[in-house]
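**Student:** Just my_file-v3.csv, nothing more (CSV, C-alpha atoms and all ligand atoms):
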chain,number,residue,atom,x,y,z
A,1,MET,CA,2.7,13.4,12.4
A,2,LEU,CA,1.8,13.7,8.7
A,3,LYS,CA,4.7,13.3,6.3
A,4,THR,CA,4.9,16.2,3.9
A,5,LEU,CA,6.6,16.5,0.5
A,6,VAL,CA,6.9,19.5,-1.8
A,7,VAL,CA,7.2,18.5,-5.5
A,8,TYR,CA,7.8,21.2,-8.1
A,9,TYR,CA,9.1,22.0,-11.5
A,10,SER,CA,10.6,25.4,-12.3
A,11,PHE,CA,12.3,26.6,-15.5
A,12,GLU,CA,13.2,30.1,-14.3
A,13,GLY,CA,13.2,30.0,-10.6
A,14,ASN,CA,9.8,31.5,-9.6
A,15,THR,CA,8.2,28.2,-8.6
A,16,ARG,CA,11.5,27.0,-7.0
A,17,TYR,CA,11.6,30.1,-4.8
A,18,ILE,CA,8.1,29.4,-3.4
A,19,ALA,CA,8.7,25.6,-3.2
A,20,GLU,CA,11.9,25.9,-1.2
A,21,ALA,CA,10.3,28.5,1.1
A,22,ILE,CA,7.3,26.2,1.8
A,23,ALA,CA,9.5,23.2,2.4
A,24,LYS,CA,11.7,25.1,4.8
A,25,GLU,CA,8.7,26.6,6.7
A,26,LEU,CA,7.1,23.2,7.1
A,27,GLY,CA,10.2,21.1,7.7
A,28,ALA,CA,9.0,19.1,4.7
A,29,ASP,CA,11.1,17.1,2.2
A,30,ILE,CA,11.4,18.6,-1.3
A,31,GLN,CA,11.7,17.0,-4.7
A,32,GLU,CA,12.4,19.0,-7.9
A,33,LEU,CA,11.3,17.5,-11.2
A,34,LYS,CA,14.2,17.8,-13.6
A,35,PRO,CA,13.7,16.8,-17.2
A,36,VAL,CA,16.7,15.0,-18.6
A,37,LYS,CA,16.5,17.4,-21.5
A,38,ASP,CA,14.9,20.8,-20.6
A,39,LEU,CA,14.3,23.8,-22.8
A,40,LYS,CA,17.6,25.4,-23.8
A,41,SER,CA,16.6,29.0,-24.3
A,42,LYS,CA,15.5,31.5,-21.8
A,43,GLY,CA,14.8,33.9,-24.6
A,44,PHE,CA,11.8,34.0,-26.9
A,45,GLY,CA,12.5,30.4,-28.0
A,46,LYS,CA,11.2,29.1,-24.7
A,47,TYR,CA,7.7,30.0,-25.7
A,48,VAL,CA,8.1,28.3,-29.1
A,49,TRP,CA,9.6,25.1,-27.7
A,50,GLY,CA,7.7,25.1,-24.4
A,51,GLY,CA,4.5,25.9,-26.2
A,52,ARG,CA,5.1,23.0,-28.6
A,53,GLN,CA,5.6,20.6,-25.7
A,54,VAL,CA,2.3,21.6,-24.2
A,55,MET,CA,0.4,21.3,-27.5
A,56,THR,CA,1.8,17.9,-28.2
A,57,LYS,CA,1.1,16.8,-24.6
A,58,LYS,CA,4.8,15.8,-24.4
A,59,GLU,CA,5.9,13.9,-21.4
A,60,PRO,CA,9.6,14.7,-21.0
A,61,VAL,CA,11.7,12.0,-19.4
A,62,LEU,CA,12.5,13.0,-15.8
A,63,GLN,CA,15.7,12.4,-13.9
A,64,PRO,CA,15.1,9.8,-11.2
A,65,LEU,CA,13.3,11.1,-8.1
A,66,GLU,CA,15.2,10.9,-4.8
A,67,LYS,CA,11.9,11.0,-2.8
A,68,ARG,CA,9.0,8.5,-3.3
A,69,PRO,CA,5.7,10.4,-3.4
A,70,GLU,CA,3.9,7.2,-2.1
A,71,ASP,CA,5.8,7.6,1.2
A,72,TYR,CA,4.0,10.9,2.0
A,73,ASP,CA,0.6,11.9,3.4
A,74,VAL,CA,0.5,15.5,2.2
A,75,ILE,CA,2.0,16.6,-1.1
A,76,PHE,CA,2.4,20.2,-2.2
A,77,ILE,CA,2.7,20.3,-6.0
A,78,GLY,CA,4.0,23.5,-7.8
A,79,THR,CA,4.2,24.4,-11.4
A,80,PRO,CA,4.7,27.4,-13.7
A,81,VAL,CA,1.8,28.0,-16.0
A,82,TRP,CA,2.7,27.2,-19.6
A,83,VAL,CA,0.1,28.0,-22.3
A,84,TYR,CA,-2.8,28.1,-19.7
A,85,THR,CA,-1.9,24.8,-18.1
A,86,PHE,CA,0.7,23.0,-16.0
A,87,ALA,CA,4.2,22.5,-17.4
A,88,PRO,CA,5.0,19.3,-19.3
A,89,ALA,CA,7.3,17.9,-16.5
A,90,LEU,CA,4.2,17.7,-14.3
A,91,ARG,CA,2.4,15.6,-17.0
A,92,SER,CA,5.4,13.1,-16.8
A,93,PHE,CA,5.1,13.2,-13.0
A,94,PHE,CA,1.4,12.4,-12.9
A,95,VAL,CA,1.7,9.6,-15.5
A,96,LYS,CA,4.5,7.9,-13.6
A,97,TYR,CA,3.3,8.6,-10.1
A,98,PRO,CA,-0.5,8.7,-10.2
A,99,MET,CA,-1.7,10.5,-7.1
A,100,LYS,CA,-4.1,8.4,-5.0
A,101,ARG,CA,-5.6,9.0,-1.6
A,102,LYS,CA,-3.2,11.8,-0.8
A,103,LYS,CA,-3.9,15.2,0.6
A,104,VAL,CA,-2.6,17.6,-2.0
A,105,ALA,CA,-2.0,21.4,-2.0
A,106,LEU,CA,-1.5,22.9,-5.5
A,107,PHE,CA,0.3,26.1,-6.4
A,108,ILE,CA,0.9,27.7,-9.7
A,109,CYS,CA,3.2,30.6,-10.7
A,110,HIS,CA,2.3,32.6,-13.8
A,111,GLY,CA,2.8,35.8,-15.7
A,112,GLY,CA,-0.8,37.2,-15.4
A,113,GLY,CA,-2.8,35.0,-17.7
A,114,PRO,CA,-3.3,31.6,-16.1
A,115,LYS,CA,-6.9,31.2,-17.4
A,116,ASP,CA,-8.1,27.8,-16.2
A,117,ALA,CA,-4.7,26.3,-15.5
A,118,MET,CA,-5.6,25.5,-11.9
A,119,ALA,CA,-8.6,23.5,-12.9
A,120,LYS,CA,-6.5,21.5,-15.4
A,121,PHE,CA,-3.9,20.9,-12.7
A,122,GLU,CA,-6.6,19.9,-10.2
A,123,ALA,CA,-8.1,17.4,-12.7
A,124,GLN,CA,-4.8,15.5,-12.5
A,125,VAL,CA,-5.2,14.7,-8.8
A,126,GLY,CA,-8.8,13.4,-9.1
A,127,GLU,CA,-8.4,10.7,-6.5
A,128,CYS,CA,-6.9,12.9,-3.9
A,129,THR,CA,-8.3,15.5,-1.5
A,130,VAL,CA,-7.3,19.0,-2.5
A,131,ILE,CA,-6.5,20.8,0.7
A,132,GLY,CA,-5.5,24.1,-0.8
A,133,LYS,CA,-4.9,26.0,-4.0
A,134,LEU,CA,-2.8,29.1,-4.6
A,135,ASP,CA,-1.9,31.1,-7.6
A,136,LEU,CA,0.9,33.6,-7.7
A,137,MET,CA,1.7,36.2,-10.4
A,138,ASN,CA,5.2,37.4,-11.3
A,139,VAL,CA,6.8,36.1,-8.1
A,140,LEU,CA,10.4,37.2,-8.6
A,141,ASP,CA,9.6,40.3,-10.6
A,142,GLU,CA,7.2,42.0,-8.2
A,143,GLU,CA,7.6,41.9,-4.4
A,144,PRO,CA,9.0,38.4,-4.0
A,145,GLU,CA,9.0,38.7,-0.2
A,146,GLN,CA,5.3,39.6,-0.1
A,147,LYS,CA,4.5,36.6,-2.4
A,148,LYS,CA,6.6,34.3,-0.2
A,149,LYS,CA,4.9,35.5,3.0
A,150,ALA,CA,1.4,34.9,1.4
A,151,ALA,CA,2.6,31.4,0.3
A,152,LEU,CA,3.8,30.5,3.7
A,153,GLU,CA,0.6,31.6,5.4
A,154,TRP,CA,-1.3,29.6,2.9
A,155,ALA,CA,0.9,26.5,3.3
A,156,ARG,CA,0.5,26.7,7.1
A,157,LYS,CA,-3.3,26.8,6.8
A,158,CYS,CA,-3.2,23.8,4.4
A,159,VAL,CA,-1.3,21.6,6.8
A,160,ASP,CA,-3.3,22.7,9.8
A,161,ALA,CA,-6.5,21.6,8.0
A,162,ALA,CA,-4.9,18.4,6.7
B,201,LIG,C1,6.6,28.1,-22.5
B,201,LIG,C2,6.0,29.1,-21.6
B,201,LIG,C3,4.6,29.4,-21.6
B,201,LIG,C4,4.0,30.3,-20.7
B,201,LIG,N1,2.6,30.5,-20.8
B,201,LIG,C5,2.1,31.3,-19.8
B,201,LIG,C6,0.6,31.4,-19.8
B,201,LIG,O1,-0.1,30.8,-20.6
B,201,LIG,N2,0.1,32.3,-18.9
B,201,LIG,C7,0.9,33.0,-18.0
B,201,LIG,O2,0.3,33.7,-17.2
B,201,LIG,N3,2.2,32.9,-18.0
B,201,LIG,C8,2.8,32.0,-18.9
B,201,LIG,N4,4.2,31.9,-18.9
B,201,LIG,C9,5.0,32.6,-17.9
B,201,LIG,C10,5.3,31.7,-16.7
B,201,LIG,O3,4.2,31.0,-16.2
B,201,LIG,C11,5.9,32.5,-15.5
B,201,LIG,O4,7.0,33.3,-15.9
B,201,LIG,C12,6.2,31.7,-14.3
B,201,LIG,O5,6.5,32.5,-13.2
B,201,LIG,C13,7.5,30.9,-14.6
B,201,LIG,O6,7.8,30.0,-13.5
B,201,LIG,P1,9.2,29.4,-13.2
B,201,LIG,O7,10.2,30.6,-13.0
B,201,LIG,O8,9.1,28.6,-12.0
B,201,LIG,O9,9.6,28.6,-14.5
B,201,LIG,C14,4.8,31.0,-19.8
B,201,LIG,C15,6.2,30.7,-19.7
B,201,LIG,C16,6.8,29.8,-20.6
B,201,LIG,C17,8.2,29.5,-20.5
Rewrite the coordinates I just gave you, this time as structure tokens.
**Tutor:**
Amino acid sequence: MLKTLVVYYSFEGNTRYIAEAIAKELGADIQELKPVKDLKSKGFGKYVWGGRQVMTKKEPVLQPLEKRPEDYDVIFIGTPVWVYTFAPALRSFFVKYPMKRKKVALFICHGGGPKDAMAKFEAQVGECTVIGKLDLMNVLDEEPEQKKKAALEWARKCVDAA
């Protein structure tokens, strides 16, 4: 039986909604990435401060993880898209926990303009086998149940193929 972990960061709940649903569906463990200091504003300021973090390739300090990624065979990794790439908390994660010889499934949540965010995300897990990729737009704002259903079908297929 392959051990499965769902790792994610979410600032406003979209990625969390999908991550929690996948973990529940698969009976997998779940690990949220929580920066010690996250963005304060959910207003327009988030684009300014979040954008700056992306541009400066900031690696925000994360709260200690409860789960050890190295203990798992299959890792689902989820991020919101920030300025056409993965969120800074994921950069911290990849630096501290380089992914090697894992089966990884990647999902991104965005607002309609991800550009090549998935390719940039995938480049971080070079030494792993990517078993699935999914991008979801406006998860909580437009038919969240539909998006969840699609994500669960996708997640099931990923583990069946793993
Ligand atoms: C700093 C920042 C930058 C963003 N940049 C993009 C972007 O380049 N393209 C896009 O489609 N959405 C962008 N968004 C929107 C988020 O990707 C989208 O709202 C996502 O669902 C948020 O996920 P979350 O609720 O898990 O944080 C950005 C949001 C923030 C806060």
**Student:** If you count only C-alpha atoms and all ligand atoms, which residues end up within 9 Å of ligand LIG 201 (chain B), as a VMD selection string?
**Tutor:** chain A and resid 8 to 18 39 42 to 54 78 to 87 108 to 115 117 136 to 141
**Student:** Do you know which residues are at most 12 Å from Ala162 (chain A) counting all atoms listed in the file, after dropping those on the same chain fewer than 3 positions away, and could you put them as a list in words?
**Tutor:**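 Close residues of Ala162 (chain A): Met1, Leu2, Lys3, Thr4, Asp73, Val74, Ile75, Phe76, Lys102, Lys103, Val104, Ala105, Thr129, Val130, Ile131, Gly132, Ala155, Arg156, Lys157, Cys158 and Val159 of chain A.
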**Student:** Could you write those residues out with C-alpha atoms, as an mmCIF file, keeping the file's coordinate frame?
**Tutor:**
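Contents of result22.cif, freshly written:
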data_model
loop_
_atom_site.group_PDB
_atom_site.id
_atom_site.type_symbol
_atom_site.label_atom_id
_atom_site.label_comp_id
_atom_site.auth_asym_id
_atom_site.auth_seq_id
_atom_site.Cartn_x
_atom_site.Cartn_y
_atom_site.Cartn_z
ATOM 1 C CA MET A 1 2.700 13.400 12.400
ATOM 2 C CA LEU A 2 1.800 13.700 8.700
ATOM 3 C CA LYS A 3 4.700 13.300 6.300
ATOM 4 C CA THR A 4 4.900 16.200 3.900
ATOM 5 C CA ASP A 73 0.600 11.900 3.400
ATOM 6 C CA VAL A 74 0.500 15.500 2.200
ATOM 7 C CA ILE A 75 2.000 16.600 -1.100
ATOM 8 C CA PHE A 76 2.400 20.200 -2.200
ATOM 9 C CA LYS A 102 -3.200 11.800 -0.800
ATOM 10 C CA LYS A 103 -3.900 15.200 0.600
ATOM 11 C CA VAL A 104 -2.600 17.600 -2.000
ATOM 12 C CA ALA A 105 -2.000 21.400 -2.000
ATOM 13 C CA THR A 129 -8.300 15.500 -1.500
ATOM 14 C CA VAL A 130 -7.300 19.000 -2.500
ATOM 15 C CA ILE A 131 -6.500 20.800 0.700
ATOM 16 C CA GLY A 132 -5.500 24.100 -0.800
ATOM 17 C CA ALA A 155 0.900 26.500 3.300
ATOM 18 C CA ARG A 156 0.500 26.700 7.100
ATOM 19 C CA LYS A 157 -3.300 26.800 6.800
ATOM 20 C CA CYS A 158 -3.200 23.800 4.400
ATOM 21 C CA VAL A 159 -1.300 21.600 6.800
#
**Student:** Give me, please, the distance in Å between CA of Gly27 (chain A) and CA of Val6 (chain A), quoted to one decimal.
**Tutor:**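 Spanning CA of Gly27 (chain A) to CA of Val6 (chain A) is a straight-line distance of 10.2 Å.
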**Student:** Excluding region 33-37 of chain A and its own-chain neighbours fewer than 6 positions away, which residues fall within 7 Å of it when counting only C-alpha atoms? Please give them as a list in words.
**Tutor:** Tyr8, Tyr9, Pro60, Val61, Leu62, Gln63 and Ala89 of chain A
**Student:** Between A:Glu20, A:Asp38, A:Leu5, A:Leu106, which one has atoms that come closest to Cys128 (chain A), using all atoms listed in the file?
**Tutor:**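 Closest residue, counting all atoms listed in the file: A:Leu106.
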**Student:** With only C-alpha atoms as the atoms that count, which of A:Ala28, A:Met55, A:Ala151, A:Ile77 lies nearest to Glu122 (chain A)?
**Tutor:**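 Comparing A:Ala28, A:Met55, A:Ala151, A:Ile77 against Glu122 (chain A), the winner is A:Ile77.
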**Student:** Between A:Asp160, A:Leu90, A:Leu65, A:Lys120, which has the minimum distance to Leu26 (chain A) (counting only C-alpha atoms)?
**Tutor:**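 Counting only C-alpha atoms, the residue closest to Leu26 (chain A) is A:Asp160.
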**Student:** Interatomic distance between CA of Phe94 (chain A) and CA of Lys148 (chain A)?
**Tutor:**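 Interatomic distance, CA of Phe94 (chain A) to CA of Lys148 (chain A): 25.8 Å.
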**Student:** Between CA of Gln124 (chain A) and CA of Ala21 (chain A), what is the distance, to one decimal in Å?
**Tutor:**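 According to the coordinates, CA of Gln124 (chain A) and CA of Ala21 (chain A) are separated by 24.1 Å.
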**Student:** Identify which of the residues A:Ser41, A:Tyr97, A:Asp135, A:Glu32 lies closest to Glu66 (chain A), counting all atoms listed in the file when measuring atom-to-atom distances.
**Tutor:** A:Glu32
